[in-house]
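Structure file target.cif; described as mmCIF, C-alpha atoms and all ligand atoms.
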```cif
data_input
loop_
_atom_site.label_atom_id
_atom_site.label_comp_id
_atom_site.auth_asym_id
_atom_site.auth_seq_id
_atom_site.Cartn_x
_atom_site.Cartn_y
_atom_site.Cartn_z
CA MET A 1 -47.84 -25.01 -9.63
CA LEU A 2 -45.78 -27.30 -11.88
CA ALA A 3 -46.50 -25.21 -14.95
CA PHE A 4 -45.47 -22.15 -13.01
CA LEU A 5 -42.30 -23.83 -11.85
CA ALA A 6 -41.39 -25.03 -15.33
CA ALA A 7 -42.07 -21.62 -16.84
CA THR A 8 -39.93 -19.97 -14.22
CA LEU A 9 -37.08 -22.41 -14.55
CA LEU A 10 -37.02 -22.33 -18.33
CA ALA A 11 -37.35 -18.58 -18.63
CA PRO A 12 -34.52 -16.90 -20.55
CA LEU A 13 -31.63 -16.14 -18.25
CA PRO A 14 -30.25 -12.63 -17.99
CA ASN A 15 -26.79 -12.30 -19.44
CA SER A 16 -25.55 -9.43 -17.37
CA VAL A 17 -22.71 -10.84 -15.32
CA LEU A 18 -19.90 -8.35 -15.25
CA PRO A 19 -16.65 -9.84 -13.99
CA SER A 20 -14.49 -7.16 -12.42
CA SER A 21 -10.80 -7.00 -13.20
CA GLY A 22 -8.99 -10.02 -11.84
CA ALA A 23 -12.03 -12.29 -11.91
CA ALA A 24 -12.03 -15.21 -14.29
CA PRO A 25 -14.30 -14.71 -17.31
CA LEU A 26 -17.54 -16.56 -16.75
CA ASP A 27 -20.27 -17.93 -18.89
CA ALA A 28 -23.35 -16.67 -17.11
CA ARG A 29 -25.65 -19.20 -18.75
CA ALA A 30 -23.52 -22.20 -17.93
CA ASP A 31 -23.17 -20.93 -14.42
CA MET A 32 -26.90 -20.98 -13.83
CA THR A 33 -27.06 -24.72 -14.41
CA MET A 34 -26.43 -27.07 -11.52
CA ARG A 35 -22.98 -28.52 -11.79
CA PRO A 36 -23.16 -32.25 -12.69
CA SER A 37 -21.33 -33.54 -9.61
CA ARG A 38 -23.76 -31.71 -7.34
CA ARG A 39 -26.90 -32.54 -9.24
CA ALA A 40 -29.45 -34.96 -7.88
CA PRO A 41 -29.70 -37.98 -10.22
CA GLY A 42 -32.04 -37.48 -13.15
CA ILE A 43 -32.88 -33.90 -12.33
CA THR A 44 -31.76 -31.00 -14.49
CA VAL A 45 -32.55 -27.74 -12.86
CA ARG A 46 -31.99 -24.22 -14.04
CA ILE A 47 -31.93 -21.75 -11.23
CA PRO A 48 -33.50 -18.36 -11.91
CA ASP A 49 -31.01 -15.55 -11.61
CA PRO A 50 -31.26 -14.36 -8.02
CA ALA A 51 -29.82 -10.89 -8.59
CA PRO A 52 -29.15 -9.91 -12.20
CA ALA A 53 -26.37 -7.33 -12.15
CA ILE A 54 -23.78 -8.47 -9.64
CA VAL A 55 -20.21 -7.36 -10.26
CA LEU A 56 -18.21 -10.44 -9.41
CA PRO A 57 -15.33 -9.95 -6.98
CA PRO A 58 -11.78 -10.99 -7.88
CA ILE A 59 -10.46 -14.40 -6.84
CA SER A 60 -7.18 -14.42 -4.88
CA GLY A 61 -4.69 -17.26 -4.62
CA PRO A 62 -3.47 -19.91 -7.04
CA LYS A 63 -4.57 -19.61 -10.67
CA ASP A 64 -5.34 -23.36 -10.89
CA PRO A 65 -9.16 -23.59 -11.18
CA LYS A 66 -9.05 -27.10 -9.66
CA ARG A 67 -8.04 -25.62 -6.31
CA PRO A 68 -11.02 -25.34 -3.95
CA LEU A 69 -12.65 -21.92 -4.00
CA VAL A 70 -13.87 -20.55 -0.69
CA VAL A 71 -16.16 -17.51 -0.70
CA ILE A 72 -16.15 -15.54 2.55
CA ASP A 73 -19.11 -13.25 3.12
CA ALA A 74 -18.68 -10.34 5.55
CA GLY A 75 -22.19 -9.89 6.96
CA HIS A 76 -24.07 -6.58 6.60
CA GLY A 77 -22.40 -3.41 5.24
CA GLY A 78 -23.27 0.00 3.84
CA HIS A 79 -26.53 1.34 5.26
CA ASP A 80 -27.01 -1.93 7.18
CA PRO A 81 -24.68 -1.82 10.21
CA GLY A 82 -25.93 -5.16 11.58
CA ALA A 83 -25.96 -5.43 15.38
CA ILE A 84 -24.57 -2.47 17.33
CA ASN A 85 -23.02 -2.21 20.76
CA ALA A 86 -24.35 1.26 21.55
CA GLU A 87 -22.20 1.70 24.66
CA HIS A 88 -18.95 1.30 22.75
CA GLY A 89 -20.14 2.22 19.26
CA TRP A 90 -19.11 -1.15 17.85
CA ARG A 91 -20.78 -2.12 14.58
CA GLU A 92 -21.17 -5.68 13.35
CA LYS A 93 -20.45 -4.70 9.72
CA ASP A 94 -16.94 -3.46 10.59
CA ILE A 95 -16.08 -6.55 12.62
CA THR A 96 -17.33 -8.99 9.98
CA LEU A 97 -15.28 -7.30 7.25
CA ALA A 98 -12.13 -7.37 9.37
CA ILE A 99 -12.64 -11.06 10.18
CA ALA A 100 -13.40 -11.94 6.53
CA ARG A 101 -10.16 -10.27 5.48
CA ALA A 102 -8.23 -12.05 8.24
CA ILE A 103 -9.64 -15.42 7.08
CA ARG A 104 -8.62 -14.63 3.50
CA THR A 105 -5.07 -13.75 4.56
CA GLU A 106 -4.75 -16.95 6.59
CA LEU A 107 -6.24 -19.14 3.84
CA LEU A 108 -3.90 -17.72 1.20
CA LYS A 109 -0.79 -18.44 3.29
CA GLY A 110 -0.81 -22.14 2.52
CA GLY A 111 -1.27 -21.59 -1.24
CA ARG A 112 -3.86 -24.38 -1.38
CA PHE A 113 -7.09 -22.45 -1.65
CA ARG A 114 -8.60 -19.80 -3.87
CA VAL A 115 -10.50 -17.14 -1.97
CA ALA A 116 -13.04 -14.45 -2.83
CA LEU A 117 -14.85 -12.01 -0.56
CA THR A 118 -18.44 -11.04 -1.38
CA ARG A 119 -17.52 -7.53 -0.26
CA ASP A 120 -14.13 -6.00 0.48
CA GLU A 121 -15.39 -2.59 1.52
CA ASP A 122 -18.22 -0.98 3.46
CA GLU A 123 -20.88 -1.84 0.93
CA TYR A 124 -24.47 -3.11 1.02
CA LEU A 125 -25.40 -6.36 -0.75
CA ILE A 126 -28.77 -8.05 -0.53
CA LEU A 127 -28.64 -11.57 0.86
CA GLN A 128 -29.29 -13.20 -2.52
CA GLU A 129 -26.37 -11.31 -4.07
CA ARG A 130 -24.13 -12.78 -1.41
CA TYR A 131 -24.82 -16.41 -2.27
CA GLY A 132 -25.28 -15.40 -5.91
CA VAL A 133 -21.63 -14.38 -6.00
CA ALA A 134 -20.61 -17.75 -4.56
CA ARG A 135 -22.70 -19.66 -7.13
CA ARG A 136 -21.47 -17.71 -10.13
CA LEU A 137 -17.86 -18.04 -9.13
CA GLY A 138 -18.45 -21.80 -8.71
CA ALA A 139 -17.52 -21.74 -5.01
CA ASP A 140 -16.88 -25.02 -3.22
CA LEU A 141 -17.69 -23.55 0.19
CA PHE A 142 -19.48 -20.42 1.41
CA ILE A 143 -18.98 -18.96 4.87
CA SER A 144 -21.02 -15.97 6.01
CA VAL A 145 -19.37 -14.19 8.95
CA HIS A 146 -21.49 -12.45 11.58
CA ALA A 147 -21.54 -11.31 15.22
CA ASP A 148 -24.43 -12.15 17.50
CA ALA A 149 -26.32 -9.78 19.81
CA ALA A 150 -28.55 -10.16 22.85
CA ILE A 151 -29.31 -6.63 24.01
CA ALA A 152 -31.49 -7.84 26.89
CA ASN A 153 -28.76 -10.20 28.11
CA PRO A 154 -25.31 -8.58 28.02
CA GLN A 155 -23.84 -11.69 29.71
CA ALA A 156 -24.58 -13.87 26.67
CA ARG A 157 -21.40 -14.85 24.86
CA GLY A 158 -19.91 -17.54 22.64
CA ALA A 159 -19.69 -18.45 18.97
CA SER A 160 -22.15 -20.60 17.03
CA ILE A 161 -22.46 -22.15 13.58
CA TYR A 162 -25.68 -22.18 11.59
CA THR A 163 -26.71 -24.34 8.68
CA LEU A 164 -29.93 -24.15 6.72
CA SER A 165 -33.17 -25.65 7.89
CA GLU A 166 -36.73 -24.52 7.38
CA VAL A 167 -37.31 -25.59 10.98
CA ALA A 168 -35.32 -23.60 13.52
CA SER A 169 -33.49 -25.67 16.17
CA ASP A 170 -34.85 -23.49 19.00
CA ARG A 171 -36.40 -20.12 19.75
CA GLU A 172 -33.04 -18.37 19.82
CA ALA A 173 -32.25 -19.73 16.36
CA ALA A 174 -35.61 -18.51 15.05
CA ARG A 175 -34.98 -15.07 16.53
CA LEU A 176 -31.52 -14.96 14.99
CA ALA A 177 -32.93 -15.83 11.56
CA THR A 178 -35.48 -13.04 11.86
CA ARG A 179 -32.73 -10.58 12.73
CA GLU A 180 -30.24 -11.68 10.08
CA ASN A 181 -32.89 -11.92 7.34
CA ARG A 182 -34.02 -8.39 8.15
CA ALA A 183 -31.04 -7.06 6.17
CA ASP A 184 -33.15 -7.44 3.03
CA ILE A 185 -36.11 -5.44 4.29
CA LEU A 186 -35.49 -1.92 3.15
CA ASN A 187 -38.05 0.82 3.72
CA GLY A 188 -40.68 -1.84 4.37
CA VAL A 189 -40.06 -3.69 1.09
CA ASP A 190 -38.84 -7.26 1.43
CA LEU A 191 -36.19 -7.65 -1.27
CA SER A 192 -35.80 -11.37 -0.70
CA ALA A 193 -39.48 -12.28 -1.07
CA GLN A 194 -39.58 -12.36 -4.88
CA SER A 195 -38.20 -15.79 -5.58
CA SER A 196 -38.58 -17.43 -2.19
CA SER A 197 -41.31 -19.85 -3.29
CA VAL A 198 -39.16 -20.98 -6.22
CA SER A 199 -36.04 -21.32 -4.12
CA ASN A 200 -37.94 -23.32 -1.51
CA ILE A 201 -39.09 -25.82 -4.15
CA LEU A 202 -35.57 -26.12 -5.53
CA ILE A 203 -34.20 -26.60 -2.07
CA ASP A 204 -36.53 -29.54 -1.60
CA LEU A 205 -35.51 -31.07 -4.93
CA THR A 206 -31.78 -30.67 -4.97
CA GLN A 207 -30.36 -29.53 -1.71
CA ARG A 208 -30.04 -32.69 0.33
CA ASP A 209 -26.42 -33.36 -0.63
CA THR A 210 -25.50 -29.72 -0.12
CA MET A 211 -27.13 -29.74 3.31
CA ASN A 212 -25.17 -32.85 4.27
CA ARG A 213 -21.91 -31.23 3.23
CA SER A 214 -22.82 -28.04 5.07
CA ALA A 215 -23.51 -30.02 8.23
CA GLN A 216 -20.22 -31.92 7.83
CA PHE A 217 -18.32 -28.67 7.55
CA ALA A 218 -20.17 -27.23 10.57
CA LYS A 219 -19.11 -30.25 12.63
CA ILE A 220 -15.50 -29.96 11.50
CA LEU A 221 -15.50 -26.21 12.13
CA GLU A 222 -16.76 -26.67 15.69
CA ARG A 223 -14.05 -29.25 16.40
CA GLU A 224 -11.10 -27.63 14.64
CA ALA A 225 -11.80 -24.04 15.68
CA ALA A 226 -12.54 -24.92 19.33
CA PRO A 227 -8.93 -24.30 20.44
CA TYR A 228 -9.13 -20.79 18.97
CA MET A 229 -12.58 -19.56 19.95
CA ALA A 230 -15.21 -20.28 22.63
CA PHE A 231 -18.33 -21.94 21.21
CA LEU A 232 -21.79 -22.10 22.69
CA SER A 233 -23.12 -25.56 23.48
CA PRO A 234 -24.50 -26.88 21.25
CA ALA A 235 -22.56 -24.83 18.72
CA HIS A 236 -24.25 -26.18 15.61
CA ARG A 237 -27.75 -24.77 15.14
CA PHE A 238 -30.32 -24.66 12.39
CA ALA A 239 -32.34 -21.77 11.03
CA SER A 240 -34.04 -20.55 7.88
CA LEU A 241 -31.37 -18.07 6.86
CA VAL A 242 -31.74 -16.56 3.41
CA VAL A 243 -28.00 -16.19 2.92
CA LEU A 244 -27.57 -19.98 3.19
CA LYS A 245 -30.08 -20.84 0.46
CA SER A 246 -27.72 -21.59 -2.40
CA PRO A 247 -28.89 -25.04 -3.54
CA ASP A 248 -25.47 -26.28 -4.66
CA THR A 249 -22.88 -24.53 -2.49
CA PRO A 250 -22.22 -25.99 0.96
CA SER A 251 -22.84 -23.00 3.23
CA VAL A 252 -22.55 -22.07 6.89
CA LEU A 253 -23.12 -18.90 8.85
CA LEU A 254 -20.57 -18.33 11.62
CA GLU A 255 -21.64 -16.14 14.52
CA THR A 256 -18.17 -15.30 15.82
CA GLY A 257 -19.30 -14.05 19.24
CA TYR A 258 -21.63 -11.54 20.90
CA ILE A 259 -21.03 -7.91 20.01
CA SER A 260 -23.38 -7.06 22.90
CA ASN A 261 -20.97 -8.68 25.39
CA ASP A 262 -17.95 -6.60 26.42
CA GLU A 263 -15.47 -9.50 26.49
CA ASP A 264 -16.64 -11.14 23.27
CA GLY A 265 -16.85 -7.75 21.54
CA THR A 266 -13.33 -6.81 22.62
CA THR A 267 -12.00 -10.13 21.35
CA ILE A 268 -13.68 -10.15 17.94
CA ARG A 269 -12.72 -6.51 17.36
CA SER A 270 -9.04 -7.12 18.14
CA ALA A 271 -6.51 -8.08 15.48
CA ALA A 272 -5.36 -10.95 17.73
CA GLY A 273 -8.89 -12.27 18.19
CA GLN A 274 -9.60 -11.98 14.49
CA GLN A 275 -6.45 -13.89 13.68
CA ARG A 276 -7.38 -16.69 16.06
CA ILE A 277 -10.76 -17.01 14.38
CA ALA A 278 -9.03 -17.00 10.99
CA ARG A 279 -6.68 -19.79 12.10
CA GLY A 280 -9.52 -21.93 13.38
CA VAL A 281 -11.56 -21.46 10.22
CA THR A 282 -8.54 -22.19 8.02
CA GLN A 283 -7.76 -25.35 9.97
CA ALA A 284 -11.37 -26.50 9.52
CA ILE A 285 -11.35 -25.72 5.79
CA THR A 286 -8.11 -27.68 5.36
CA VAL A 287 -9.55 -30.74 7.10
CA TYR A 288 -12.88 -30.47 5.24
CA PHE A 289 -11.32 -30.43 1.77
CA ALA A 290 -8.87 -33.19 2.65
CA ARG A 291 -11.87 -35.31 3.62
CA MET A 292 -13.81 -34.35 0.48
CA ALA A 293 -10.81 -35.29 -1.70
CA GLY A 294 -10.70 -38.70 -0.02
CA ARG A 295 -14.33 -39.56 -0.79
ZN ZN B 301 -25.41 -10.45 11.37
#
```
Take the structure in this file and express it as structure tokens.
Amino acid sequence: MLAFLAATLLAPLPNSVLPSSGAAPLDARADMTMRPSRRAPGITVRIPDPAPAIVLPPISGPKDPKRPLVVIDAGHGGHDPGAINAEHGWREKDITLAIARAIRTELLKGGRFRVALTRDEDEYLILQERYGVARRLGADLFISVHADAAIANPQARGASIYTLSEVASDREAARLATRENRADILNGVDLSAQSSSVSNILIDLTQRDTMNRSAQFAKILEREAAPYMAFLSPAHRFASLVVLKSPDTPSVLLETGYISNDEDGTTIRSAAGQQRIARGVTQAITVYFARMAGR
């Protein structure tokens, strides 16, 4: 196992990162190494390239690279609509993109943060590309935006925040992980399976600090966004979500509400509802980075 791990980690890294116009030029090799401040003491780890040919999205906001970079991930897209409210024809992928854009707009207003979206159109990305974008851009925080669904229980409503754990906090969390991870299973082929054993080992070795930061942000998000959106109780849950598996980027998945519930769906589809979510998230991000700067 160790020989396998070493061989995998030391394998030549693909050099096929193609920054799109507006994105900062990046050294793909340097980017695959854990950044020193995030690295566990004494451990140098090279992460295998999760998805070789990602076109990196542009970064909006101040040009100063010292400004925190937040990557917002609009869940689903392209041939993967995510959850659907069949009665109204609402699709999760449309709602998540609108909310991601609203968060970007709100974050850019203060001029303090740099922002990139993993997708800015109706486009399909595998889950590893989503956190791969965040890693290669050197993101300081990754937020994946989703909408929940409970077809059998149309009364279910409320927002929740997920951080990574191999052990789900409850049955609902396990079910949600199964549903959200399904995005990578295309025509019966699991696109995420390839490097999962490697990423699990790396998670064990290096991810403790990242998990702590993710949990801190989740706590702050629940508190700061509470005036703007209704959370489930408890709001912070744990699940084995592939999109949260970046070993050195604090990451949360925000379920903004239930698309299967008429009231929640109406809110998260509306420009006003999306702006409230964006305000809450922005407030939480502001508090989180102020706290990080004070450490
Ligand atoms: Zn989703």
- Item | Shell of 9 Å around ligand ZN 301 (chain B) (all atoms listed in the file), written as a list in words | Ala74, Gly75, His76, Pro81, Gly82, Ala83, Glu92, Lys93, Thr96, Ser144, Val145, His146, Ala147, Asp148, Ala149, Leu176, Arg179, Glu180, Asn181, Ala183 and Glu255 of chain A
Write the selection just made, keeping C-alpha atoms, as a JSON list (two decimals), keeping the file's coordinate frame?
```
[["chain", "number", "residue", "atom", "x", "y", "z"],
["A", 74, "ALA", "CA", -18.68, -10.34, 5.55],
["A", 75, "GLY", "CA", -22.19, -9.89, 6.96],
["A", 76, "HIS", "CA", -24.07, -6.58, 6.60],
["A", 81, "PRO", "CA", -24.68, -1.82, 10.21],
["A", 82, "GLY", "CA", -25.93, -5.16, 11.58],
["A", 83, "ALA", "CA", -25.96, -5.43, 15.38],
["A", 92, "GLU", "CA", -21.17, -5.68, 13.35],
["A", 93, "LYS", "CA", -20.45, -4.70, 9.72],
["A", 96, "THR", "CA", -17.33, -8.99, 9.98],
["A", 144, "SER", "CA", -21.02, -15.97, 6.01],
["A", 145, "VAL", "CA", -19.37, -14.19, 8.95],
["A", 146, "HIS", "CA", -21.49, -12.45, 11.58],
["A", 147, "ALA", "CA", -21.54, -11.31, 15.22],
["A", 148, "ASP", "CA", -24.43, -12.15, 17.50],
["A", 149, "ALA", "CA", -26.32, -9.78, 19.81],
["A", 176, "LEU", "CA", -31.52, -14.96, 14.99],
["A", 179, "ARG", "CA", -32.73, -10.58, 12.73],
["A", 180, "GLU", "CA", -30.24, -11.68, 10.08],
["A", 181, "ASN", "CA", -32.89, -11.92, 7.34],
["A", 183, "ALA", "CA", -31.04, -7.06, 6.17],
["A", 255, "GLU", "CA", -21.64, -16.14, 14.52]]
```
- Message: So that I can see what lies close to Leu253 (chain A), please list as an NGL selection string the residues with an atom at most 6 Å from it, counting only C-alpha atoms and leaving out residues fewer than 4 positions away in the same chain.
- Response: :A and (143-144 or 161-162)
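Distance check against Ser160 (chain A) using all atoms listed in the file: of A:His79, A:Arg269, A:His236, A:Lys245, the minimum falls on A:His236.
Ranking A:Ile84, A:Val252, A:Ile54, A:Ala293 by their shortest atom-to-atom distance to Gly132 (chain A), with all atoms listed in the file included, puts A:Ile54 first.
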- So which one's closest to Val167 (chain A), A:Arg213, A:Arg276, A:His88, A:Arg237? Using all atoms listed in the file, please. A:Arg237
Enclose region 97-107 of chain A, meaning all of its atoms listed in the file, in a box aligned along x, y and z, pad it by 5 Å on each side, and list the centre and edge lengths in Å to one decimal, as lines of an AutoDock Vina configuration file.
```
center_x = -10.0
center_y = -13.2
center_z = 6.8
size_x = 20.5
size_y = 21.8
size_z = 16.7
```
- Counting all atoms listed in the file, which of A:Gly280, A:Pro57, A:Gly89, A:Pro62 gets nearest to Ile220 (chain A)? A:Gly280
- Query: Out of A:Thr118, A:Ser60, A:Asn153, A:Gln283, which residue has the shortest atom-to-atom distance to Arg223 (chain A) when counting all atoms listed in the file?
  - Reply: A:Gln283
- Coordinates-based distance that separates CA of Gly294 (chain A) from CA of Thr249 (chain A) (Å, one decimal): 18.8 Å
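Counting only C-alpha atoms, the residue from A:Glu129, A:Asp184, A:Glu166, A:Asp209 that sits nearest to Val55 (chain A) is A:Glu129.
Here CA of Gly138 (chain A) and CA of Lys66 (chain A) stand 10.8 Å from one another.
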Write out as a short mmCIF file (atom, residue, chain, number, x, y, z; two decimals) with C-alpha atoms, in the coordinates of the input each polymer residue whose atoms come within 9 Å of Gln216 (chain A), counting only C-alpha atoms; drop sequence neighbours fewer than 5 positions from it.
```cif
data_model
loop_
_atom_site.label_atom_id
_atom_site.label_comp_id
_atom_site.auth_asym_id
_atom_site.auth_seq_id
_atom_site.Cartn_x
_atom_site.Cartn_y
_atom_site.Cartn_z
CA MET A 211 -27.13 -29.74 3.31
CA LEU A 221 -15.50 -26.21 12.13
CA TYR A 288 -12.88 -30.47 5.24
#
```
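Between CA of Thr178 (chain A) and CA of Arg104 (chain A) the interatomic distance comes to 28.2 Å.
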- Item | Arg67 (chain A) surroundings by all atoms listed in the file, 8 Å radius, close-in-sequence under 4 positions cut, as a count of residues only | 4
Can you patch up region 235-248 of chain A, filling it in to N, CA, C and O atoms, and show the result as a compact mmCIF listing (two decimals), in the coordinates of the input?
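Wrote it out as part-v2.txt, contents follow:
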```txt
# COMPACT_ATOMS: atom_id res chain seq x y z
N ALA A 235 -23.02 -25.89 19.61
CA ALA A 235 -22.56 -24.83 18.72
C ALA A 235 -23.29 -24.84 17.38
O ALA A 235 -23.52 -23.80 16.78
N HIS A 236 -23.63 -26.06 16.92
CA HIS A 236 -24.25 -26.18 15.61
C HIS A 236 -25.76 -26.05 15.74
O HIS A 236 -26.39 -26.84 16.42
N ARG A 237 -26.31 -25.03 15.08
CA ARG A 237 -27.75 -24.77 15.14
C ARG A 237 -28.34 -24.66 13.74
O ARG A 237 -27.59 -24.56 12.78
N PHE A 238 -29.63 -24.67 13.68
CA PHE A 238 -30.32 -24.66 12.39
C PHE A 238 -31.31 -23.51 12.33
O PHE A 238 -32.00 -23.25 13.31
N ALA A 239 -31.37 -22.85 11.19
CA ALA A 239 -32.34 -21.77 11.03
C ALA A 239 -32.56 -21.51 9.56
O ALA A 239 -31.73 -21.86 8.72
N SER A 240 -33.69 -20.88 9.26
CA SER A 240 -34.04 -20.55 7.88
C SER A 240 -33.40 -19.22 7.51
O SER A 240 -34.04 -18.18 7.54
N LEU A 241 -32.12 -19.28 7.17
CA LEU A 241 -31.37 -18.07 6.86
C LEU A 241 -31.25 -17.90 5.35
O LEU A 241 -30.74 -18.78 4.66
N VAL A 242 -31.71 -16.79 4.86
CA VAL A 242 -31.74 -16.56 3.41
C VAL A 242 -30.35 -16.69 2.80
O VAL A 242 -30.18 -17.25 1.71
N VAL A 243 -29.35 -16.21 3.50
CA VAL A 243 -28.00 -16.19 2.92
C VAL A 243 -27.42 -17.59 2.71
O VAL A 243 -26.45 -17.78 1.99
N LEU A 244 -28.06 -18.60 3.33
CA LEU A 244 -27.57 -19.98 3.19
C LEU A 244 -28.34 -20.77 2.13
O LEU A 244 -28.18 -21.98 2.02
N LYS A 245 -29.16 -20.10 1.33
CA LYS A 245 -30.08 -20.84 0.46
C LYS A 245 -29.55 -21.21 -0.92
O LYS A 245 -30.31 -21.60 -1.79
N SER A 246 -28.26 -21.10 -1.14
CA SER A 246 -27.72 -21.59 -2.40
C SER A 246 -27.91 -23.10 -2.47
O SER A 246 -27.49 -23.82 -1.58
N PRO A 247 -28.57 -23.60 -3.53
CA PRO A 247 -28.89 -25.04 -3.54
C PRO A 247 -27.69 -25.94 -3.81
O PRO A 247 -27.75 -27.12 -3.53
N ASP A 248 -26.59 -25.39 -4.32
CA ASP A 248 -25.47 -26.28 -4.66
C ASP A 248 -24.12 -25.79 -4.14
O ASP A 248 -23.08 -26.20 -4.63
```
